[in-house]
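Asker: Contents are compact mmCIF, C-alpha atoms; file name upload26.txt:
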```txt
# COMPACT_ATOMS: atom_id res chain seq x y z
CA LEU T 573 -0.77 -33.08 -7.33
CA HIS T 574 -2.80 -31.72 -4.41
CA VAL T 575 -2.42 -28.39 -2.60
CA PHE T 576 -3.99 -28.19 0.85
CA ASP T 577 -5.11 -25.11 2.76
CA GLY T 578 -3.05 -24.90 5.96
CA GLY T 579 -5.44 -22.40 7.56
CA VAL T 580 -4.57 -19.13 9.25
CA TRP T 581 -1.78 -19.38 11.78
CA ASP T 582 -1.68 -17.27 14.94
CA ASP T 583 1.43 -15.48 16.27
CA GLU T 584 2.35 -18.39 18.55
CA GLN T 585 2.31 -20.90 15.68
CA LEU T 586 4.37 -18.57 13.49
CA ALA T 587 6.94 -18.04 16.26
CA ALA T 588 7.33 -21.82 16.61
CA ILE T 589 8.50 -22.27 13.00
CA ARG T 590 12.04 -23.61 12.90
CA PRO T 591 13.44 -23.95 9.35
CA ALA T 592 15.28 -27.22 8.81
CA PRO T 593 19.05 -26.50 8.78
CA GLY T 594 20.57 -27.03 5.35
CA GLU T 595 17.12 -27.30 3.79
CA ILE T 596 15.42 -23.94 4.43
CA ASP T 597 17.31 -20.72 5.15
CA ASP T 598 14.41 -18.44 6.07
CA ILE T 599 10.71 -17.80 5.74
CA GLU T 600 8.86 -14.63 4.85
CA PHE T 601 5.34 -13.50 4.07
CA VAL T 602 4.87 -11.90 0.66
CA GLU T 603 2.13 -10.28 -1.38
CA PRO T 604 0.34 -12.69 -3.75
CA ALA T 605 1.32 -10.42 -6.66
CA ASP T 606 4.99 -11.13 -5.86
CA LEU T 607 4.72 -14.94 -6.09
CA PRO T 608 5.45 -15.24 -9.84
CA ALA T 609 8.82 -13.51 -9.33
CA LEU T 610 9.70 -15.67 -6.31
CA MET T 611 8.57 -19.14 -7.37
CA ALA T 612 8.76 -21.46 -10.33
CA PRO T 613 5.91 -20.56 -12.73
CA ASP T 614 3.96 -23.80 -12.14
CA ASP T 615 4.24 -23.45 -8.35
CA ALA T 616 3.19 -19.79 -8.45
CA ARG T 617 0.10 -20.65 -10.52
CA ARG T 618 -0.83 -23.42 -8.07
CA ALA T 619 -0.29 -21.17 -5.03
CA LEU T 620 -2.41 -18.38 -6.54
CA SER T 621 -5.12 -20.89 -7.48
CA ALA T 622 -5.17 -22.17 -3.90
CA LEU T 623 -5.50 -18.59 -2.64
CA ARG T 624 -8.32 -17.93 -5.13
CA ALA T 625 -10.16 -21.01 -3.85
CA ARG T 626 -9.79 -19.75 -0.25
CA VAL T 627 -10.96 -16.22 -1.12
CA ASN T 628 -13.88 -17.57 -3.15
CA GLY T 629 -14.83 -20.11 -0.48
CA ALA T 630 -15.04 -22.53 -3.38
CA GLY T 631 -13.58 -25.60 -1.71
CA PRO T 632 -11.63 -27.93 -3.98
CA VAL T 633 -10.98 -26.66 -7.50
CA PHE T 634 -9.71 -28.44 -10.56
CA LEU T 635 -6.78 -26.91 -12.40
CA GLU T 636 -5.27 -27.35 -15.80
CA ASP T 637 -1.59 -26.37 -15.86
CA GLY T 638 -2.15 -24.56 -12.55
CA ILE T 639 -5.04 -22.47 -13.87
CA PRO T 640 -8.67 -22.95 -12.73
CA ILE T 641 -10.84 -24.69 -15.31
CA ALA T 642 -13.77 -22.47 -14.27
CA PRO T 643 -12.33 -18.94 -13.82
CA THR T 644 -13.90 -16.63 -11.25
CA VAL T 645 -14.12 -12.84 -11.14
CA LEU T 646 -10.75 -12.83 -9.35
CA ASP T 647 -9.19 -14.45 -12.40
CA ARG T 648 -10.95 -12.18 -14.91
CA VAL T 649 -9.68 -8.99 -13.25
CA GLY T 650 -6.30 -10.41 -12.23
CA ILE T 651 -6.85 -9.39 -8.63
CA LEU T 652 -4.16 -11.66 -7.19
CA ARG T 653 -1.60 -10.58 -9.78
CA THR T 654 -1.60 -6.92 -8.71
CA ALA T 655 -0.06 -5.50 -5.56
CA ARG T 656 -2.45 -4.29 -2.89
CA ALA T 657 -2.73 -0.59 -2.25
CA ARG T 658 -0.36 0.52 0.50
CA HIS T 659 -2.45 2.79 2.70
CA HIS T 660 -0.59 3.89 5.80
CA LEU T 661 -3.46 5.67 7.48
CA PRO T 662 -3.98 5.44 11.23
CA PHE T 663 -6.96 3.45 12.45
CA HIS T 664 -9.27 5.07 14.99
CA PRO T 665 -12.30 3.13 16.18
CA THR T 666 -15.47 5.15 16.66
CA PRO T 667 -16.38 7.46 18.25
CA VAL T 668 -13.99 9.95 16.73
CA PRO T 669 -12.63 12.41 19.31
CA ALA T 670 -14.27 15.82 18.88
CA ASP T 671 -10.93 17.59 18.38
CA ARG T 672 -9.75 15.23 15.60
CA PRO T 673 -10.68 16.16 12.03
CA VAL T 674 -11.77 13.23 9.87
CA ARG T 675 -9.94 13.25 6.54
CA GLN T 676 -10.84 9.73 5.39
CA SER T 677 -13.60 7.32 6.33
CA TRP T 678 -13.48 3.63 5.36
CA VAL T 679 -15.85 0.80 6.19
CA TRP T 680 -15.86 -2.95 6.67
CA ALA T 681 -19.17 -4.03 5.08
CA PHE T 682 -20.18 -7.65 5.65
CA ALA T 683 -22.83 -9.72 3.86
CA PRO T 684 -24.95 -11.99 6.10
CA ASP T 685 -22.81 -14.99 5.05
CA GLY T 686 -19.58 -13.27 6.17
CA ARG T 687 -18.28 -12.04 2.82
CA VAL T 688 -16.61 -8.61 2.84
CA LEU T 689 -17.41 -5.91 0.30
CA VAL T 690 -14.26 -4.81 -1.54
CA LEU T 691 -13.82 -2.49 -4.48
CA LEU T 692 -11.37 -2.99 -7.32
CA GLU T 693 -9.16 0.00 -8.11
CA PRO T 694 -9.61 0.79 -11.83
CA ASP T 695 -5.93 1.58 -12.43
CA THR T 696 -4.32 -1.36 -10.56
CA GLY T 697 -7.08 -3.89 -9.95
CA ALA T 698 -6.10 -3.85 -6.26
CA ALA T 699 -8.87 -4.67 -3.79
CA VAL T 700 -9.69 -1.88 -1.31
CA LEU T 701 -12.37 -1.22 1.27
CA PRO T 702 -15.13 1.25 0.35
CA GLY T 703 -14.55 4.71 1.71
CA GLY T 704 -12.95 7.99 0.96
CA THR T 705 -12.86 11.71 1.61
CA PRO T 706 -15.70 13.54 3.39
CA GLU T 707 -17.83 15.74 1.14
CA PRO T 708 -19.86 18.81 2.20
CA GLU T 709 -23.14 16.85 1.94
CA ASP T 710 -21.83 14.48 4.66
CA GLY T 711 -22.14 17.29 7.24
CA GLY T 712 -18.85 16.35 8.93
CA ASP T 713 -20.23 12.92 9.89
CA PRO T 714 -17.69 10.13 9.21
CA VAL T 715 -20.46 7.50 9.21
CA ALA T 716 -22.37 9.47 6.56
CA THR T 717 -19.13 9.62 4.54
CA ALA T 718 -18.64 5.87 4.78
CA VAL T 719 -22.26 5.13 3.84
CA ARG T 720 -22.15 7.52 0.86
CA GLU T 721 -18.83 6.16 -0.34
CA ALA T 722 -20.00 2.53 -0.02
CA ARG T 723 -23.13 3.35 -2.04
CA GLU T 724 -21.06 5.10 -4.69
```
What's the structure tokens form of this structure?
Answerer:
Amino acid sequence: LHVFDGGVWDDEQLAAIRPAPGEIDDIEFVEPADLPALMAPDDARRALSALRARVNGAGPVFLEDGIPIAPTVLDRVGILRTARARHHLPFHPTPVPADRPVRQSWVWAFAPDGRVLVLLEPDTGAAVLPGGTPEPEDGGDPVATAVREARE
């Protein structure tokens, strides 16, 4: 059995999807953590293993009963089995308007090879971007907050 990565589809490709009448009623996008409740157990394990391979940039992986033979950190912490944090905070690109108080500052931090720094929430294992609440030592500077939080 082989599972292939279909890539990332843009809005136009998604809008062109036409479920086959009598075969597929609908499509929807779901959180990885929800797959075990929506799919047969073997299929859910294979889908999550395919997603792990994509996230890890590992290329082809060998599975035994739908589980990677060589587990990665994503497997050890169960990252794809926990729901992502639902932050509904507005996004404002810099510079921040002078009259707008900064209550949270988050950062996209990239390694030279394109990997993104994410933190794992200790209570849920959910992956989040580094960032947080400004502290007095940040002097009201959202960039200083983001840098301090990423270092922490």
Asker: Between atom CA of Ile599 of chain T and atom CA of Gly578 of chain T, what is the distance, to one decimal in Å?
Answerer: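 Atom-to-atom, atom CA of Ile599 of chain T and atom CA of Gly578 of chain T are spaced 15.5 Å apart.
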Asker: Have a look at atom CA of Glu709 of chain T and atom CA of Val690 of chain T and let me know their distance in Å, one decimal.
Answerer: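 Taking atom CA of Glu709 of chain T and atom CA of Val690 of chain T, their separation equals 23.7 Å.
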Asker: Neighbours of Asp710 of chain T within 8 Å (only C-alpha atoms; same-chain residues fewer than 5 positions away dropped), as a PDB file with C-alpha atoms, in the coordinates of the input?
Answerer:
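Output contents, as saved in around_0.pdb:
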```pdb
ATOM      1  CA  ALA T 716     -22.370   9.470   6.560  1.00  0.00           C
ATOM      2  CA  THR T 717     -19.130   9.620   4.540  1.00  0.00           C
ATOM      3  CA  ARG T 720     -22.150   7.520   0.860  1.00  0.00           C
TER       4      ARG T 720
END
```
Asker: Could you work out how far atom CA of Pro702 of chain T lies from atom CA of Asp671 of chain T, giving the answer in Å with one decimal?
Answerer: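 Atom CA of Pro702 of chain T lies 24.7 Å from atom CA of Asp671 of chain T.
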Asker: I need every residue sitting at most 12 Å from the point (-0.9, -24.4, -8.1) (coordinates as in the file, all atoms listed in the file considered), written as a PyMOL selection string.
Answerer: chain T and resi 573-577+607-608+611-625+633-640
Asker: Scan for residues within 10 Å of the point (-9.4, 14.9, 9.5) in the coordinates of the file, using only C-alpha atoms, and reply as JSON, numbers by chain.
Answerer: {"T": [668, 671, 672, 673, 674, 675, 676, 677, 705, 706, 712, 714]}
Asker: Go through T:Gly711, T:Gly703, T:Arg626, T:Pro667 one by one, measure the shortest atom-to-atom distance of each to Gly579 of chain T using only C-alpha atoms, and give the residue with the smallest value.
Answerer: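 When distances to Gly579 of chain T are compared using only C-alpha atoms, the smallest one comes from T:Arg626.
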Asker: Taking only C-alpha atoms into account, name the residue in T:Asn628, T:Val688, T:Asp583, T:Ala681 that is nearest to Glu721 of chain T.
Answerer: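 Ranking T:Asn628, T:Val688, T:Asp583, T:Ala681 by distance to Glu721 of chain T, first place goes to T:Ala681.
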